[in-house]
Structure formats: structure tokens, C-alpha cells
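Chemist: Structure below; questions to follow.
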Amino acid sequence: MKSVSLMSALASIASLSAASPTPTEQEQPHKRADLPAVTVSGNAFWKGKERFYLRGIDYQPGGSSGMTDPLADLDTCKRDVAEFKKLGVNTVRVYMVDNSKKHDDCMNLLADAGIYVVIDANSPLYSLNRFDPHQSYNDKYLQSVFATIDAFAKFDNTLAFFSGNEVINDVVNSTLAAKYVKATTRDMRQYIGNRGYRKIPVGYSAADVSQNRMQLANYMNCGTDDERSDFFAFNDYSWCSSDFVSSGWDQKVKNFTGYGIPIFLSEYGCITNTRDFSEMGALMSDKMTSVYSGGLMYEYALEANGYGIAKLGPGSKVDEKPEFANFVKALSKYPAPTGDGGFTSTTKAAACPTKDSNWMVDSTLLPAMPEGAKKFMKDGAGTGPGLKGEGSQQAQGTSTGDAQPGSGSSTNTASPSSSQSESAGSTRGIGPVDKASFVVTGLVMFFTLTGTLLL
């Protein structure tokens, strides 16, 4: 009779283990596609075990002066996602978002279409001033940047964040802003880790300025791990219906070989000659895939600058320009390559550049995070100011000294939330652990011990 009681007890234990309650998930407004998060390993992006190349387009209807968030308007999103599907792109870059609004509907529509999103964390009112970077790097600015992370971290199709766009340009004094861009990158990566989010890549989108291109690239990838970017991108318009050599792309590949982190073009698409987008052939070939991970064509919406391939509005109307069809043809003609593309599996830091006539930064130390911004690491950023706040460039609460290398590492002190991932802080996160194996193992050990005692 003891053995019967024992078996009943064990059965009860097993049933309790199997009957663990499953948390109820709120139904989403749209059925989301099973789109795995993109990660970084070596000098490449990965979608699971598959090499991921950005084959996308830049997306900001109205331009920088429009002060609108295309991801917060469902009608706009439905209109444009339909066009993105015609193009066959897998990524869009959005330069300006309203971090006080919800984006679930549009992000889910994009996910259903298999499209990832790269988000610029700055906006015209909340950004670094290249000629007054110390004043503009303050806690009010970082609150807005962090609130943008909060707004998009929960979406698996958030591919990456940009910490800045062309802050450093061809004016030599603008290179002094580089350490503040790098500090912002560090702070964003630390915030993502401390808030328990999955490791969303953070990097910088640079202007293609020949006199400081390599200094800036090396600077963003030098120092301790907490100071280094996850990737580097730049805007390149040097291919004007030309070829790999005459455009100078061959030399850029040579210069960036061995760089150590992923590189892609955050803007490309010269309009000097007919836009046939033949550069896609080079980007997707073994001439470049060992170093580059694709690029984003500039741009979707036709604005006064003449780069857009579709005239939008009024309402749901879209007038596709001839370049629209040309881009469709290029994406179809030059598919993403199979295999690993000759990527480099290990990552390494670059040597920090030294000061010279084109590079004004004379120290490897970065500004310390403003004291008032440190509370966000534990408490969160709260509601973002959106696109109509009072701005941050002249706000108080600036940095008061230099940070020690390594001080920007994540401590992961935040309380978990429903939007946070269990794989925070890991490039390749391990999924939730299945407790069933532990239950089975425990029962086997219990049977063995009990059987021994009954003998």
C-alpha cells in the first residue's frame, strides 16, 4: 500500500508541474508575423542563423521640417506599407518619431510585411548641437532619447537605433562633438541593458566626409566595450550610375576591411545621373559582403530635394515615379546572397585616432553622464516630450567631468516589465528555459531514491 500512495503522490506532483498557469497575453490589434529579432555577431547582422543584409529605404514623409511621425498615423502607415511591399524592401529608416505616442499598429503592420525598422533617437528639438555639444548633452536631452528607446524596444522588428545623424560634418570644429555622440551611444546601450531590454544594436549615421571618415569610424569603435558602438553607418552618394572602382567604393571596402563591427550605408542613391540603382549589384556581391551589410536607399517620399521615388497624397494617393520601378528591378535583380558572405566572426576594437588638422579630439575620455540622467537607468525615462516639447539644446543639467572607461557597462538593476526581454545584455539571447526537463529529472531521481529505500 505504501507504493500505491507513493505513486499517487508522484502523479500529483507531476500534474502540478504540468499545470503551471500560462499568463494571459493581451490580444494585439493586428496578428503579428513571426519575425525574429536581428542580432549582431562579428562584423555582421543575423536573423537567427541567417546572415541579414539591409535592403531598405529611408522613410520620412514631409522631411525634417514636417515634424511628423509616420509610424504614429495608421492611415499613413497602411498606405506606405503597401508600397514597401511592392518594392520588396526588408528595412525602413525613420528619422523622426514621437516618443509620446503609441506605435503598435504600424509596427505590427510592418512586421506582418517582414519589414524591420531603424529608428533615429533624436528629433530636431531634442538633439546634439554640433557647435555647442557640451550644453546640448544634458539630462533633458537624454530623457527624450531614452523615452524613444522605451517606445520601440518591445517590438522585435526594431532593428537598431541611431544615436545621431551627420552631427560631425566637413567643418573641422564639428569633430569636437564626436565625444558627445559617442557618450550618447554609450548611454543608450547602457540604458537598454539596465532596463532589461533585449540587446538592440546602437550606432551612428555619419556624413561621408573624406577628411575625417576613417578617424570618426575608428573613434566610434575604439576604447572599452561599453564605449564602442554596435555598428557604424555612413551616408554615401559617390556612386552616380558609375561602377565599383570609379565610385571609389573599392577603396572604402579596402579601408574598412578588418574594422571589426558591422557597416552599412544609412543613405545612398546619387541623383546626378539616371538612377538605376546598379550599386545594389556591388552591395550584394562578394566584392563587399565581407565588410558591408547592405544599405538604405534615400529616399521614399518625394520632397523638394528631388530624391524621393514616390509623390504622396493627398490622402491615400501615391504617384510612383520611374525610379520606383527602377528600384523594384534592382532589388529583384540583385538578391541577398546566400551563406555568410565572408563575414569576420570575431569583433575587435580599433585604435583611437590622434589629434591632427582634421580631427580635433585630443582625449579618449568621454563626458560623464549628466547626474540628473542617472535616475533613468533605474526608474525609466517616463513619458517622452514628443515632437512639440520645448526642446533641450539650451537646457541645464549638463555633464560635469569625464567618465572612467568601463563605467558605462550595464548593471541591469531595473525591475522587469512585460516589454522587457529575458535575453537582455546578450547578443544571442537564450530563450525562456523549459522547466519540464527539470521536473522529469527530479522525478527520476525521486523514483531512484525511493526505490532504493523500499528494497
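We name chains A, B, ... following the order of the C-alpha cells; residues begin at 1 in each chain, and ligands are numbered from 1 as shown.
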Would you list the contacts of range 336-347 of chain A as an NGL selection string, taking every protein, DNA or RNA residue within 12 Å and counting only C-alpha atoms, but skipping same-chain residues closer than 3 positions in sequence?

Modeler: :A and (40-47 or 49-56 or 88-90 or 221-222 or 225 or 228-231 or 257-263 or 280-295 or 330-333 or 350)

Chemist: Could you save those same residues with C-alpha atoms as a PDB file, in the first residue's frame?

Modeler:
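The result, written out as part_3.pdb:
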ATOM      1  CA  VAL A  40      24.981  41.342 -34.160  1.00  0.00           C
ATOM      2  CA  SER A  41      27.804  38.827 -34.221  1.00  0.00           C
ATOM      3  CA  GLY A  42      31.266  39.541 -35.560  1.00  0.00           C
ATOM      4  CA  ASN A  43      31.031  42.163 -38.292  1.00  0.00           C
ATOM      5  CA  ALA A  44      27.564  41.138 -39.471  1.00  0.00           C
ATOM      6  CA  PHE A  45      23.860  41.199 -38.632  1.00  0.00           C
ATOM      7  CA  TRP A  46      21.954  37.955 -38.195  1.00  0.00           C
ATOM      8  CA  LYS A  47      18.330  36.850 -38.332  1.00  0.00           C
ATOM      9  CA  LYS A  49      21.363  31.687 -38.101  1.00  0.00           C
ATOM     10  CA  GLU A  50      20.902  33.545 -41.387  1.00  0.00           C
ATOM     11  CA  ARG A  51      23.092  36.497 -42.396  1.00  0.00           C
ATOM     12  CA  PHE A  52      20.950  39.638 -42.587  1.00  0.00           C
ATOM     13  CA  TYR A  53      21.531  42.395 -45.130  1.00  0.00           C
ATOM     14  CA  LEU A  54      19.714  45.725 -45.016  1.00  0.00           C
ATOM     15  CA  ARG A  55      17.879  46.077 -48.313  1.00  0.00           C
ATOM     16  CA  GLY A  56      15.809  49.078 -47.453  1.00  0.00           C
ATOM     17  CA  GLY A  88      10.352  44.324 -51.718  1.00  0.00           C
ATOM     18  CA  VAL A  89      12.385  46.108 -49.043  1.00  0.00           C
ATOM     19  CA  ASN A  90      13.163  44.462 -45.710  1.00  0.00           C
ATOM     20  CA  ASN A 221      34.877  51.605 -32.387  1.00  0.00           C
ATOM     21  CA  CYS A 222      37.767  52.294 -30.014  1.00  0.00           C
ATOM     22  CA  ASP A 225      33.449  47.546 -24.754  1.00  0.00           C
ATOM     23  CA  ARG A 228      32.201  51.073 -28.556  1.00  0.00           C
ATOM     24  CA  SER A 229      29.282  51.185 -30.984  1.00  0.00           C
ATOM     25  CA  ASP A 230      27.455  48.055 -32.075  1.00  0.00           C
ATOM     26  CA  PHE A 231      27.770  49.132 -35.737  1.00  0.00           C
ATOM     27  CA  THR A 257      38.414  45.523 -44.099  1.00  0.00           C
ATOM     28  CA  GLY A 258      39.114  44.196 -40.613  1.00  0.00           C
ATOM     29  CA  TYR A 259      37.144  47.030 -38.981  1.00  0.00           C
ATOM     30  CA  GLY A 260      35.532  44.629 -36.525  1.00  0.00           C
ATOM     31  CA  ILE A 261      31.853  45.665 -36.320  1.00  0.00           C
ATOM     32  CA  PRO A 262      29.052  45.752 -38.910  1.00  0.00           C
ATOM     33  CA  ILE A 263      28.996  48.548 -41.502  1.00  0.00           C
ATOM     34  CA  MET A 280      22.885  47.169 -55.399  1.00  0.00           C
ATOM     35  CA  GLY A 281      24.825  44.743 -57.566  1.00  0.00           C
ATOM     36  CA  ALA A 282      28.041  45.630 -55.767  1.00  0.00           C
ATOM     37  CA  LEU A 283      26.458  45.768 -52.286  1.00  0.00           C
ATOM     38  CA  MET A 284      25.083  42.255 -52.700  1.00  0.00           C
ATOM     39  CA  SER A 285      28.260  40.778 -54.232  1.00  0.00           C
ATOM     40  CA  ASP A 286      31.330  39.185 -52.700  1.00  0.00           C
ATOM     41  CA  LYS A 287      33.193  42.397 -53.514  1.00  0.00           C
ATOM     42  CA  MET A 288      31.520  43.953 -50.470  1.00  0.00           C
ATOM     43  CA  THR A 289      29.664  41.432 -48.308  1.00  0.00           C
ATOM     44  CA  SER A 290      32.708  40.527 -46.240  1.00  0.00           C
ATOM     45  CA  VAL A 291      32.710  44.141 -44.982  1.00  0.00           C
ATOM     46  CA  TYR A 292      29.302  45.718 -45.676  1.00  0.00           C
ATOM     47  CA  SER A 293      25.843  44.555 -44.603  1.00  0.00           C
ATOM     48  CA  GLY A 294      23.754  46.300 -47.260  1.00  0.00           C
ATOM     49  CA  GLY A 295      22.220  49.734 -47.203  1.00  0.00           C
ATOM     50  CA  ALA A 330      17.336  46.396 -58.794  1.00  0.00           C
ATOM     51  CA  LEU A 331      16.116  44.661 -55.632  1.00  0.00           C
ATOM     52  CA  SER A 332      14.836  41.770 -57.758  1.00  0.00           C
ATOM     53  CA  LYS A 333      17.932  41.570 -59.965  1.00  0.00           C
ATOM     54  CA  ALA A 350      40.033  49.920 -33.404  1.00  0.00           C
TER      55      ALA A 350
END

Chemist: Which residues are close to Ala111 in chain A, i.e. within 12 Å by only C-alpha atoms, leaving aside same-chain residues fewer than 5 positions away? Reply as a list in words.

Modeler: His30, Lys31, Arg32, Ala33, Asp34, Leu35, Pro36, Ala37, Val81, Phe84, Lys85, Asn90, Thr91, Val92, Asp104, Asp105, Cys106, Tyr116, Val117, Phe155, Asp156, Asn157, Thr158 and Leu159 of chain A

Chemist: Run DSSP on the backbone and grab whatever in range 94-307 of chain A lands in alpha helix (DSSP H); send it over as JSON, numbers by chain.

Modeler: {"A": [104, 105, 106, 107, 108, 109, 110, 111, 112, 133, 134, 135, 136, 139, 140, 141, 142, 143, 144, 145, 146, 147, 148, 149, 150, 151, 152, 178, 179, 180, 181, 182, 183, 184, 185, 186, 187, 188, 189, 190, 191, 192, 193, 194, 213, 214, 215, 216, 217, 218, 219, 220, 249, 250, 251, 252, 253, 254, 255, 256, 279, 280, 281, 282, 283]}

Chemist: What does the structure give for the distance between CA of Met96 in chain A and CA of Asp69 in chain A, in Å to one decimal?

Modeler: 6.0 Å

Chemist: For a test of reading the model, state the distance in Å between CA of Leu365 in chain A and CA of Lys252 in chain A, rounded to one decimal.

Modeler: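 About the pair CA of Leu365 in chain A and CA of Lys252 in chain A: they are 28.0 Å apart.
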
Chemist: Could you tell me which of A:Asp319, A:Asp379, A:Asp120, A:Asp356 comes closest to Val145 in chain A if we count only C-alpha atoms?

Modeler: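 For Val145 in chain A, the nearest of the candidates is A:Asp120.
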
Chemist: Which residues, written as number ranges by chain, have at least one atom at most 10 Å from Met188 in chain A, with only C-alpha atoms counted and residues fewer than 4 positions away on the same chain left out?

Modeler: A: 121, 142, 145-146, 149, 161-163, 182-184, 192-194, 200-203, 377, 408

Chemist: For Arg130 in chain A, which residue out of A:Ala147, A:Val172, A:Ser100, A:Ser210 is the nearest one, using only C-alpha atoms?

Modeler: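 For Arg130 in chain A, the nearest of the given residues is A:Val172.
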